[in-house]
Every structure is written in structure tokens, then in C-alpha cells.
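Structure data (compact mmCIF, C-alpha atoms and all ligand atoms) from start-v6.txt:
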```txt
# COMPACT_ATOMS: atom_id res chain seq x y z
CA MET A 1 -100.52 -74.74 -94.11
CA GLN A 2 -100.81 -76.40 -97.50
CA VAL A 3 -97.59 -76.97 -99.48
CA CYS A 4 -98.12 -77.32 -103.25
CA HIS A 5 -95.39 -78.47 -105.61
CA SER A 6 -97.23 -78.42 -108.92
CA ILE A 7 -99.06 -75.66 -110.77
CA ALA A 8 -102.17 -77.85 -111.00
CA GLU A 9 -102.13 -78.38 -107.24
CA ILE A 10 -101.82 -74.72 -106.28
CA LYS A 11 -104.43 -73.63 -108.83
CA ALA A 12 -106.89 -76.16 -107.40
CA GLU A 13 -106.08 -75.08 -103.84
CA ILE A 14 -106.55 -71.39 -104.68
CA ASN A 15 -109.76 -72.03 -106.63
CA ARG A 16 -111.27 -73.53 -103.51
CA HIS A 17 -110.97 -70.10 -101.81
CA PHE A 18 -111.00 -67.63 -104.66
CA LEU A 19 -114.64 -66.63 -104.77
CA THR A 20 -114.83 -65.80 -101.10
CA GLN A 21 -111.43 -64.39 -100.19
CA SER A 22 -108.92 -61.84 -101.37
CA ILE A 23 -105.51 -63.38 -101.97
CA GLY A 24 -102.30 -61.80 -100.67
CA PHE A 25 -99.20 -63.13 -102.41
CA VAL A 26 -95.56 -62.95 -101.31
CA PRO A 27 -93.15 -64.26 -103.97
CA THR A 28 -89.73 -65.22 -102.53
CA MET A 29 -86.61 -67.20 -103.29
CA GLY A 30 -86.58 -68.66 -99.78
CA ALA A 31 -83.83 -68.30 -97.15
CA LEU A 32 -86.51 -66.35 -95.31
CA HIS A 33 -85.86 -63.71 -92.66
CA ASP A 34 -87.90 -61.16 -90.74
CA GLY A 35 -88.10 -58.94 -93.84
CA HIS A 36 -90.06 -61.67 -95.64
CA LEU A 37 -92.16 -62.29 -92.54
CA SER A 38 -93.14 -58.60 -92.48
CA LEU A 39 -94.48 -59.08 -96.03
CA ILE A 40 -96.45 -62.12 -94.86
CA GLN A 41 -97.86 -60.05 -91.98
CA SER A 42 -98.92 -57.27 -94.37
CA ALA A 43 -100.53 -59.85 -96.68
CA LYS A 44 -102.39 -61.40 -93.76
CA GLN A 45 -103.67 -58.04 -92.54
CA GLU A 46 -105.14 -57.15 -95.90
CA ASN A 47 -106.40 -60.49 -97.25
CA GLY A 48 -108.40 -63.57 -96.36
CA LEU A 49 -105.82 -65.94 -97.83
CA THR A 50 -102.02 -65.63 -97.78
CA VAL A 51 -99.90 -67.42 -100.37
CA CYS A 52 -96.10 -67.49 -100.47
CA SER A 53 -93.93 -68.94 -103.22
CA ILE A 54 -90.39 -70.23 -102.74
CA PHE A 55 -88.49 -70.64 -105.98
CA VAL A 56 -84.83 -69.85 -106.62
CA ASN A 57 -85.33 -68.57 -110.14
CA PRO A 58 -82.34 -69.51 -112.34
CA THR A 59 -83.22 -67.06 -115.13
CA GLN A 60 -82.54 -64.02 -112.95
CA PHE A 61 -78.98 -65.01 -112.05
CA ASN A 62 -76.34 -63.71 -114.40
CA ASN A 63 -73.64 -65.53 -112.46
CA ALA A 64 -73.66 -69.34 -112.23
CA GLU A 65 -71.70 -69.37 -108.96
CA ASP A 66 -74.13 -66.93 -107.34
CA LEU A 67 -77.02 -69.24 -108.27
CA LEU A 68 -75.17 -72.27 -106.92
CA LYS A 69 -74.33 -70.53 -103.65
CA TYR A 70 -77.74 -68.92 -103.13
CA PRO A 71 -78.83 -70.10 -99.64
CA ARG A 72 -81.48 -72.83 -99.64
CA THR A 73 -83.16 -73.46 -96.29
CA VAL A 74 -86.53 -74.94 -97.27
CA GLU A 75 -87.29 -76.85 -94.06
CA LYS A 76 -86.65 -73.79 -91.91
CA ASP A 77 -88.57 -71.57 -94.35
CA LEU A 78 -91.66 -73.80 -94.14
CA GLU A 79 -91.46 -73.77 -90.35
CA MET A 80 -91.26 -69.96 -90.32
CA LEU A 81 -94.16 -69.61 -92.77
CA SER A 82 -96.31 -71.98 -90.78
CA GLN A 83 -95.57 -70.05 -87.55
CA ALA A 84 -96.37 -66.78 -89.33
CA GLY A 85 -99.81 -68.09 -90.35
CA CYS A 86 -99.24 -68.41 -94.10
CA ASP A 87 -102.03 -70.49 -95.67
CA ILE A 88 -100.50 -71.88 -98.86
CA VAL A 89 -96.89 -72.29 -100.02
CA PHE A 90 -96.03 -72.85 -103.67
CA LEU A 91 -92.74 -74.75 -103.90
CA PRO A 92 -92.25 -75.68 -107.55
CA SER A 93 -89.26 -77.42 -109.12
CA GLU A 94 -87.31 -75.82 -111.94
CA GLY A 95 -88.92 -78.27 -114.40
CA GLU A 96 -92.38 -77.24 -113.24
CA MET A 97 -91.67 -73.53 -113.83
CA TYR A 98 -89.59 -73.97 -116.99
CA PRO A 99 -90.68 -77.17 -118.75
CA ALA A 100 -89.05 -75.85 -121.95
CA PRO A 101 -86.28 -73.31 -122.51
CA LEU A 102 -87.60 -69.74 -122.56
CA SER A 103 -88.09 -68.35 -126.03
CA LEU A 104 -89.42 -64.93 -125.09
CA SER A 105 -87.96 -61.94 -123.34
CA ILE A 106 -89.46 -58.88 -121.66
CA HIS A 107 -87.86 -55.47 -122.11
CA PHE A 108 -88.13 -52.83 -119.43
CA GLY A 109 -86.57 -49.94 -121.33
CA HIS A 110 -84.41 -47.43 -119.46
CA LEU A 111 -85.23 -48.92 -116.07
CA GLU A 112 -83.40 -52.15 -116.84
CA THR A 113 -80.25 -50.37 -118.05
CA ILE A 114 -79.39 -48.46 -114.86
CA LEU A 115 -78.16 -49.30 -111.33
CA GLU A 116 -78.85 -53.03 -110.74
CA GLY A 117 -79.70 -53.50 -114.41
CA ALA A 118 -76.32 -52.14 -115.51
CA HIS A 119 -74.43 -54.46 -113.16
CA ARG A 120 -76.57 -57.58 -113.48
CA ILE A 121 -77.22 -57.89 -117.19
CA GLY A 122 -80.43 -59.80 -117.91
CA HIS A 123 -81.41 -59.95 -114.22
CA PHE A 124 -84.66 -58.01 -114.58
CA LYS A 125 -85.72 -59.95 -117.67
CA GLY A 126 -85.54 -63.10 -115.53
CA VAL A 127 -87.40 -61.42 -112.67
CA GLY A 128 -90.06 -60.12 -115.08
CA VAL A 129 -90.73 -63.52 -116.61
CA VAL A 130 -90.90 -65.44 -113.35
CA VAL A 131 -93.11 -62.84 -111.66
CA ALA A 132 -95.45 -62.83 -114.70
CA LYS A 133 -95.66 -66.63 -114.49
CA LEU A 134 -96.31 -66.55 -110.75
CA LEU A 135 -98.99 -63.87 -111.08
CA ASN A 136 -100.71 -65.94 -113.78
CA ILE A 137 -100.60 -69.03 -111.61
CA VAL A 138 -101.64 -67.51 -108.26
CA LYS A 139 -103.86 -64.64 -109.56
CA PRO A 140 -103.46 -62.68 -106.32
CA THR A 141 -105.56 -59.65 -105.50
CA HIS A 142 -102.55 -58.09 -103.70
CA THR A 143 -98.83 -58.78 -104.14
CA TYR A 144 -96.14 -57.76 -101.67
CA PHE A 145 -92.51 -56.80 -102.29
CA GLY A 146 -89.79 -55.26 -100.13
CA GLN A 147 -88.48 -51.74 -100.66
CA LYS A 148 -84.93 -53.11 -100.38
CA ASP A 149 -85.30 -54.20 -104.01
CA LEU A 150 -86.67 -50.82 -105.04
CA GLN A 151 -85.71 -51.17 -108.70
CA GLN A 152 -87.28 -54.63 -108.83
CA PHE A 153 -90.48 -53.14 -107.43
CA LEU A 154 -90.53 -50.45 -110.14
CA ILE A 155 -89.86 -53.06 -112.84
CA ILE A 156 -92.77 -55.15 -111.57
CA LYS A 157 -94.99 -52.06 -111.39
CA GLN A 158 -94.26 -51.55 -115.09
CA LEU A 159 -94.94 -55.24 -115.82
CA VAL A 160 -98.27 -55.21 -113.97
CA SER A 161 -99.42 -51.97 -115.54
CA GLN A 162 -98.37 -52.72 -119.13
CA LEU A 163 -99.56 -56.35 -119.18
CA ASN A 164 -102.79 -55.55 -117.29
CA PHE A 165 -102.30 -57.93 -114.39
CA GLU A 166 -105.14 -57.58 -111.94
CA THR A 167 -103.19 -57.33 -108.74
CA LYS A 168 -102.53 -54.39 -106.43
CA LEU A 169 -98.84 -54.00 -105.65
CA ARG A 170 -97.56 -53.15 -102.20
CA CYS A 171 -94.02 -51.97 -101.46
CA CYS A 172 -93.23 -52.68 -97.79
CA PRO A 173 -90.53 -50.91 -95.73
CA ILE A 174 -87.04 -52.35 -95.37
CA VAL A 175 -86.57 -54.40 -92.21
CA ARG A 176 -83.17 -53.86 -90.57
CA GLU A 177 -81.07 -55.70 -88.04
CA LYS A 178 -80.53 -53.80 -84.75
CA ASP A 179 -77.26 -52.41 -86.10
CA GLY A 180 -78.93 -51.08 -89.27
CA LEU A 181 -77.93 -53.75 -91.79
CA ALA A 182 -80.82 -54.34 -94.19
CA MET A 183 -82.09 -57.90 -93.83
CA SER A 184 -81.16 -60.06 -96.81
CA SER A 185 -80.98 -63.76 -97.57
CA ARG A 186 -77.35 -63.13 -98.53
CA ASN A 187 -76.35 -61.89 -95.04
CA ILE A 188 -75.88 -65.44 -93.76
CA ARG A 189 -73.03 -65.85 -96.24
CA LEU A 190 -71.02 -63.01 -94.64
CA SER A 191 -68.05 -64.02 -92.46
CA GLU A 192 -68.13 -62.84 -88.85
CA LYS A 193 -65.75 -60.00 -89.66
CA GLU A 194 -67.73 -58.96 -92.75
CA ARG A 195 -70.98 -59.09 -90.78
CA GLN A 196 -69.50 -56.71 -88.20
CA ILE A 197 -68.59 -54.11 -90.79
CA ALA A 198 -71.64 -54.53 -93.07
CA PRO A 199 -73.79 -51.96 -91.16
CA LYS A 200 -71.44 -49.26 -92.50
CA ILE A 201 -73.46 -49.49 -95.73
CA TYR A 202 -76.51 -48.09 -93.98
CA GLU A 203 -74.30 -45.59 -92.14
CA ALA A 204 -73.08 -44.31 -95.51
CA LEU A 205 -76.67 -43.91 -96.75
CA LEU A 206 -77.58 -42.04 -93.56
CA LEU A 207 -74.57 -39.76 -94.00
CA ALA A 208 -75.71 -38.86 -97.52
CA TYR A 209 -79.24 -38.37 -96.22
CA ALA A 210 -78.07 -36.01 -93.44
CA LYS A 211 -75.95 -33.99 -95.86
CA ILE A 212 -78.82 -33.56 -98.32
CA LYS A 213 -81.19 -32.59 -95.51
CA SER A 214 -78.72 -29.98 -94.26
CA GLY A 215 -78.64 -28.37 -97.71
CA GLU A 216 -75.39 -29.75 -99.14
CA SER A 217 -75.31 -30.60 -102.84
CA LEU A 218 -76.27 -34.09 -104.00
CA LYS A 219 -72.76 -34.52 -105.39
CA ASN A 220 -71.17 -33.74 -101.99
CA ALA A 221 -73.55 -36.11 -100.27
CA GLN A 222 -72.78 -38.87 -102.75
CA ASN A 223 -69.01 -38.35 -102.50
CA ALA A 224 -69.07 -38.32 -98.70
CA ALA A 225 -70.98 -41.61 -98.57
CA ILE A 226 -68.68 -43.30 -101.09
CA THR A 227 -65.60 -42.02 -99.24
CA LEU A 228 -66.93 -43.35 -95.95
CA LEU A 229 -67.20 -46.83 -97.47
CA ASN A 230 -63.94 -46.68 -99.44
CA ASP A 231 -61.99 -45.63 -96.34
CA PHE A 232 -62.62 -49.04 -94.79
CA GLY A 233 -60.72 -50.64 -97.65
CA VAL A 234 -63.02 -53.67 -97.70
CA PHE A 235 -66.05 -52.48 -99.62
CA GLU A 236 -66.14 -52.36 -103.37
CA VAL A 237 -68.79 -49.77 -104.18
CA GLU A 238 -70.49 -50.69 -107.47
CA TYR A 239 -72.72 -47.65 -107.34
CA LEU A 240 -74.10 -45.20 -104.82
CA GLU A 241 -76.53 -42.93 -106.61
CA ILE A 242 -79.08 -40.33 -105.63
CA VAL A 243 -82.03 -40.61 -108.00
CA ASN A 244 -85.72 -39.83 -108.35
CA ALA A 245 -87.57 -42.39 -106.25
CA ASP A 246 -90.42 -42.98 -108.70
CA ASP A 247 -88.34 -44.02 -111.74
CA LEU A 248 -84.67 -43.91 -110.62
CA SER A 249 -83.85 -41.25 -113.22
CA PRO A 250 -81.25 -38.56 -112.35
CA ALA A 251 -82.40 -36.59 -109.30
CA ASN A 252 -84.46 -33.52 -110.17
CA THR A 253 -87.53 -33.83 -107.92
CA THR A 254 -88.16 -33.61 -104.17
CA ASN A 255 -88.85 -37.31 -103.81
CA LEU A 256 -85.48 -39.07 -103.94
CA ALA A 257 -83.88 -42.43 -103.25
CA ILE A 258 -80.26 -43.02 -102.27
CA CYS A 259 -79.43 -46.44 -103.71
CA THR A 260 -76.28 -48.48 -103.35
CA ALA A 261 -74.76 -51.84 -104.23
CA VAL A 262 -71.49 -52.91 -102.66
CA THR A 263 -69.45 -56.07 -102.60
CA LEU A 264 -68.08 -57.16 -99.27
CA GLY A 265 -65.73 -60.13 -99.63
CA SER A 266 -67.58 -62.16 -102.23
CA ILE A 267 -71.06 -61.06 -101.15
CA ARG A 268 -72.98 -58.41 -103.06
CA LEU A 269 -75.34 -56.35 -100.89
CA ILE A 270 -77.85 -53.66 -101.86
CA ASP A 271 -79.62 -51.04 -99.76
CA ASN A 272 -81.47 -47.75 -100.18
CA ILE A 273 -83.23 -45.02 -98.29
CA LEU A 274 -85.96 -42.67 -99.44
CA ILE A 275 -85.71 -38.95 -98.85
CA ASN A 276 -88.33 -36.25 -99.17
CA LEU A 277 -86.99 -32.72 -99.54
O1 LIG A 301 -87.10 -60.66 -104.69
C1 LIG A 301 -87.06 -61.89 -104.89
O2 LIG A 301 -86.94 -62.70 -103.97
C2 LIG A 301 -87.14 -62.40 -106.33
O3 LIG A 301 -86.49 -61.53 -107.21
C3 LIG A 301 -88.58 -62.70 -106.79
C4 LIG A 301 -89.43 -61.43 -106.82
C5 LIG A 301 -89.21 -63.71 -105.86
C6 LIG A 301 -88.56 -63.27 -108.21
O4 LIG A 301 -87.81 -64.44 -108.27
```
Write-out of the structure in C-alpha cells:
Amino acid sequence: MQVCHSIAEIKAEINRHFLTQSIGFVPTMGALHDGHLSLIQSAKQENGLTVCSIFVNPTQFNNAEDLLKYPRTVEKDLEMLSQAGCDIVFLPSEGEMYPAPLSLSIHFGHLETILEGAHRIGHFKGVGVVVAKLLNIVKPTHTYFGQKDLQQFLIIKQLVSQLNFETKLRCCPIVREKDGLAMSSRNIRLSEKERQIAPKIYEALLLAYAKIKSGESLKNAQNAAITLLNDFGVFEVEYLEIVNADDLSPANTTNLAICTAVTLGSIRLIDNILINL
């Protein structure tokens, strides 16, 4: 596995393979877990060459403490990627990615004003810029994201379509711990007690899902899920919304997503499930 720190290095490395192989790309911020490895596996299945980037992107954090505390486990990440059969890792410094302060901004319209966008102001602008940079550097034929960040995936779909990036996007299923908790780099920051109760988030989504499937109104389903979480007295529910899965607008189709963000202690966790009526 080749580890490249500079843009020049990774471009040269990719150019050596580009004419003969399709390139599967998995952008990450490190602190890798089995969810990321499932993306690597999907990339490997579909492409001749698999590239992963690890870069904790400062422009997508709207909270300085969150950026500071974001887990960084590079040695372990490289070991996991090597074991998983990743071919090239791009591990740039902040100076390499942002040699000068950013003077442009990307707008994502309605999609950046709701759910995550409403609670993490500027987050998707940062994601949009860094993903655009990474796509320009790596020029992948296929790029892989996790469904856990459903809104991020839809933002990137918009970016790729409107700026004509030549990559096919793949949204891969959420990988869960045995007890249902969605895998996340943030889970390692949960205390033992918080970790024990965290699977209730998925339980709440499943409760809403079951209620919708049994014909109850979306409002009842939403209220029941929020009540389940509130009754524990430890979750702060930022939002738990039932929305159209394709653009996260208010639910009025048969293809829905139940999306939530909750804070547990000082850790913010997101999760979602898709539901077809
Ligand atoms: O999902 C992530 O890990 C990040 O938001 C991404 C897509 C790598 C951009 O920094």
C-alpha cells in the first residue's frame, strides 16, 4: 500500500494506473471502523484500484472543540487499510489542502438549511469544498459514501451533478454494532455508560418505522420515537424527522427516511433508516 502525503505524489501514483484501471475512492476523516472498511470492500469489488483519503477537514467543523477532539488514529487506520487491501492512501496535511485561506463558498440551497445543515451552520460548505478538491485530485471513476451521512451524500450528489464531476457515486448501507448502534468514529468517545445506552437511538428509529408500517400517522411515529429517547433523560434530541429520502423535504412520497441527531453526554450522534411504504 502506497501512502502519499502530497498532491503531486498522489497524482503521479494515480497516473501510473489511470489508463488501465477504474479507480474506487473512499474519502474519510480517519478513525476508521468497519463501516469505512465496508466502503473499501465495495470499492475493491468494483474497481481495479482502491484509493482512500484520510484528512480531518477543518472547514467542515463549526465547533473548534469538536475539531480538536475529533479522534485521530492514523497508525491504526493505515494498518486497517493495508489489511483490507487498499492500494493507495492520501494523507495530506492541512497546509497541503489549504495553502491559502478559502475565498470561495459553495451553496447547496434548501438542502443545506435543514436537519444537519440547520444545526451545523457552514458544515456542508466545508464538506462540499473538500470533496470537490479531493475529486479533482484523485479523479476517481467511482466514489463511496456511507448512508449514515445521508444528507452529506445528497449534498455531494448535487455537487457532482452541478459541477459535472466524472465520478459515479455509491451510497453504501449503514454498518451497525451487534446491539444496533450505527458505527461512527465518534463512538469511541462515549463513556462506558453512554455506550450502553446509545443503541436506544436505533431502537427509537425502529419504533417509528414499525408505527409507520402499521399505518399510524407520521406525527405519531415521530412523537413516539422522540418520547422513547426523552424518557431516558440522557439524550438531547436535536431533531428526529420523517422526510422524503431523495431530497429530505417534508414527507409526501412512499420513499421515506427517518433521520435523527442526538447528543449523548458531549457526543453528537446521527442515524437514519429508510422506509418504503
Ligand atoms: O464523511 C466524512 O468522513 C467527511 O465528511 C468527508 C466526506 C471525508 C469530507 O471530509
| field | Selection within 6 Å of ligand LIG 301 (chain A) by all atoms listed in the file, output as JSON, numbers by chain | value | {"A": [27, 28, 29, 57, 127, 131]}
Of A:Ile201, A:Ile155, A:Ile242, A:Val130, the one sitting nearest His110 of chain A when using all atoms listed in the file is A:Ile155
query = Which residues, written as a PyMOL selection string, have at least one atom at most 9 Å from Ser184 of chain A, with all atoms listed in the file counted and residues fewer than 3 positions away on the same chain left out?
reply = chain A and resi 31-33+35+148+181+187-188+269-270
Residue with the minimum atom-to-atom distance to Ala118 of chain A, picked from A:Val56, A:Gln147, A:Cys4, A:Asn62 with all atoms listed in the file counted, is A:Asn62
From the list A:Ala84, A:Leu68, A:Ala251, A:Ala204, the nearest residue to Leu277 of chain A using only C-alpha atoms is A:Ala251
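Coordinates place atom CA of Asp149 of chain A at a distance of 9.4 Å from atom CA of Glu116 of chain A.
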Polymer residues at most 9 Å from segment 193-200 of chain A, all atoms listed in the file, same-chain spacing of 4 or more positions, as a PDB file with C-alpha atoms, in the frame of the given file:
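The resulting out-v9.pdb:
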```
ATOM      1  CA  GLU A 177     -81.070 -55.700 -88.040  1.00  0.00           C
ATOM      2  CA  ASP A 179     -77.260 -52.410 -86.100  1.00  0.00           C
ATOM      3  CA  GLY A 180     -78.930 -51.080 -89.270  1.00  0.00           C
ATOM      4  CA  LEU A 181     -77.930 -53.750 -91.790  1.00  0.00           C
ATOM      5  CA  ALA A 182     -80.820 -54.340 -94.190  1.00  0.00           C
ATOM      6  CA  ASN A 187     -76.350 -61.890 -95.040  1.00  0.00           C
ATOM      7  CA  ILE A 188     -75.880 -65.440 -93.760  1.00  0.00           C
ATOM      8  CA  ARG A 189     -73.030 -65.850 -96.240  1.00  0.00           C
ATOM      9  CA  ALA A 204     -73.080 -44.310 -95.510  1.00  0.00           C
ATOM     10  CA  LEU A 205     -76.670 -43.910 -96.750  1.00  0.00           C
ATOM     11  CA  LEU A 228     -66.930 -43.350 -95.950  1.00  0.00           C
ATOM     12  CA  LEU A 229     -67.200 -46.830 -97.470  1.00  0.00           C
ATOM     13  CA  PHE A 232     -62.620 -49.040 -94.790  1.00  0.00           C
ATOM     14  CA  VAL A 234     -63.020 -53.670 -97.700  1.00  0.00           C
ATOM     15  CA  PHE A 235     -66.050 -52.480 -99.620  1.00  0.00           C
ATOM     16  CA  LEU A 264     -68.080 -57.160 -99.270  1.00  0.00           C
ATOM     17  CA  GLY A 265     -65.730 -60.130 -99.630  1.00  0.00           C
ATOM     18  CA  LEU A 269     -75.340 -56.350-100.890  1.00  0.00           C
TER      19      LEU A 269
END
```
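Nearest residue to Gln60 of chain A, choosing from A:Cys171, A:Ala132, A:Ala43, A:Ile121 and counting all atoms listed in the file: A:Ile121.
Shortest atom-to-atom contact with Gln2 of chain A among A:Tyr209, A:Tyr144, A:Phe90, A:Phe108: A:Phe90, counting all atoms listed in the file.
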>> So that I can see what lies close to Asn63 of chain A, please list as a PyMOL selection string the residues with an atom at most 12 Å from it, counting only C-alpha atoms and leaving out residues fewer than 4 positions away in the same chain.
In response: chain A and resi 58-59+67-70+119-123+268
Dump of segment 109-120 of chain A from preceding block, all heavy atoms, as a tab-separated table (two decimals), in the first residue's frame:
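Below is the file result-v4.tsv, written as the result:
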```tsv
chain	number	residue	atom	x	y	z
A	109	GLY	N	-28.34	25.43	-1.46
A	109	GLY	CA	-29.77	25.74	-1.42
A	109	GLY	C	-30.46	25.15	-0.21
A	109	GLY	O	-29.88	25.03	0.87
A	110	HIS	N	-31.72	24.73	-0.42
A	110	HIS	CA	-32.56	24.24	0.68
A	110	HIS	C	-31.88	23.12	1.46
A	110	HIS	O	-31.95	23.07	2.70
A	110	HIS	CB	-33.89	23.75	0.08
A	110	HIS	CG	-34.84	23.23	1.11
A	110	HIS	ND1	-35.36	24.02	2.12
A	110	HIS	CD2	-35.35	21.99	1.31
A	110	HIS	CE1	-36.15	23.30	2.88
A	110	HIS	NE2	-36.16	22.07	2.41
A	111	LEU	N	-31.20	22.24	0.74
A	111	LEU	CA	-30.62	21.05	1.37
A	111	LEU	C	-29.62	21.40	2.48
A	111	LEU	O	-29.40	20.62	3.40
A	111	LEU	CB	-29.96	20.19	0.29
A	111	LEU	CG	-29.72	18.72	0.57
A	111	LEU	CD1	-30.93	18.02	1.16
A	111	LEU	CD2	-29.28	18.02	-0.72
A	112	GLU	N	-28.99	22.55	2.39
A	112	GLU	CA	-28.02	22.87	3.46
A	112	GLU	C	-28.65	23.65	4.62
A	112	GLU	O	-27.97	24.04	5.55
A	112	GLU	CB	-26.79	23.62	2.92
A	112	GLU	CG	-27.06	25.03	2.47
A	112	GLU	CD	-25.77	25.80	2.19
A	112	GLU	OE1	-24.90	25.87	3.06
A	112	GLU	OE2	-25.66	26.35	1.07
A	113	THR	N	-29.97	23.89	4.52
A	113	THR	CA	-30.62	24.68	5.58
A	113	THR	C	-31.42	23.81	6.55
A	113	THR	O	-31.95	24.31	7.53
A	113	THR	CB	-31.59	25.72	4.98
A	113	THR	OG1	-32.65	25.00	4.34
A	113	THR	CG2	-30.90	26.63	3.97
A	114	ILE	N	-31.54	22.51	6.24
A	114	ILE	CA	-32.40	21.64	7.05
A	114	ILE	C	-31.56	20.61	7.81
A	114	ILE	O	-30.37	20.44	7.53
A	114	ILE	CB	-33.45	20.92	6.17
A	114	ILE	CG1	-32.73	20.17	5.02
A	114	ILE	CG2	-34.45	21.92	5.62
A	114	ILE	CD1	-33.65	19.31	4.18
A	115	LEU	N	-32.18	19.94	8.77
A	115	LEU	CA	-31.58	18.85	9.55
A	115	LEU	C	-30.14	19.18	9.97
A	115	LEU	O	-29.91	20.12	10.72
A	115	LEU	CB	-31.65	17.52	8.77
A	115	LEU	CG	-33.04	17.10	8.27
A	115	LEU	CD1	-32.98	15.74	7.57
A	115	LEU	CD2	-34.08	17.05	9.37
A	116	GLU	N	-29.15	18.43	9.49
A	116	GLU	CA	-27.76	18.70	9.88
A	116	GLU	C	-27.34	20.13	9.56
A	116	GLU	O	-26.64	20.78	10.32
A	116	GLU	CB	-26.81	17.74	9.14
A	116	GLU	CG	-26.82	16.33	9.65
A	116	GLU	CD	-26.45	16.27	11.10
A	116	GLU	OE1	-25.28	16.44	11.45
A	116	GLU	OE2	-27.34	16.05	11.93
A	117	GLY	N	-27.80	20.60	8.40
A	117	GLY	CA	-27.42	21.95	7.96
A	117	GLY	C	-27.91	23.03	8.91
A	117	GLY	O	-27.25	24.04	9.12
A	118	ALA	N	-29.10	22.80	9.49
A	118	ALA	CA	-29.66	23.79	10.41
A	118	ALA	C	-28.91	23.80	11.74
A	118	ALA	O	-28.87	24.82	12.42
A	118	ALA	CB	-31.14	23.49	10.64
A	119	HIS	N	-28.34	22.66	12.10
A	119	HIS	CA	-27.68	22.56	13.42
A	119	HIS	C	-26.16	22.73	13.33
A	119	HIS	O	-25.51	22.95	14.34
A	119	HIS	CB	-28.02	21.21	14.06
A	119	HIS	CG	-29.46	21.13	14.46
A	119	HIS	ND1	-29.90	21.53	15.69
A	119	HIS	CD2	-30.56	20.75	13.76
A	119	HIS	CE1	-31.22	21.37	15.75
A	119	HIS	NE2	-31.64	20.90	14.59
A	120	ARG	N	-25.62	22.56	12.14
A	120	ARG	CA	-24.16	22.71	11.98
A	120	ARG	C	-23.93	23.72	10.84
A	120	ARG	O	-23.61	23.33	9.72
A	120	ARG	CB	-23.52	21.35	11.65
A	120	ARG	CG	-23.81	20.29	12.69
A	120	ARG	CD	-23.12	19.00	12.36
A	120	ARG	NE	-21.68	19.09	12.51
A	120	ARG	CZ	-20.82	18.16	12.11
A	120	ARG	NH1	-21.25	17.07	11.51
A	120	ARG	NH2	-19.52	18.33	12.28
```
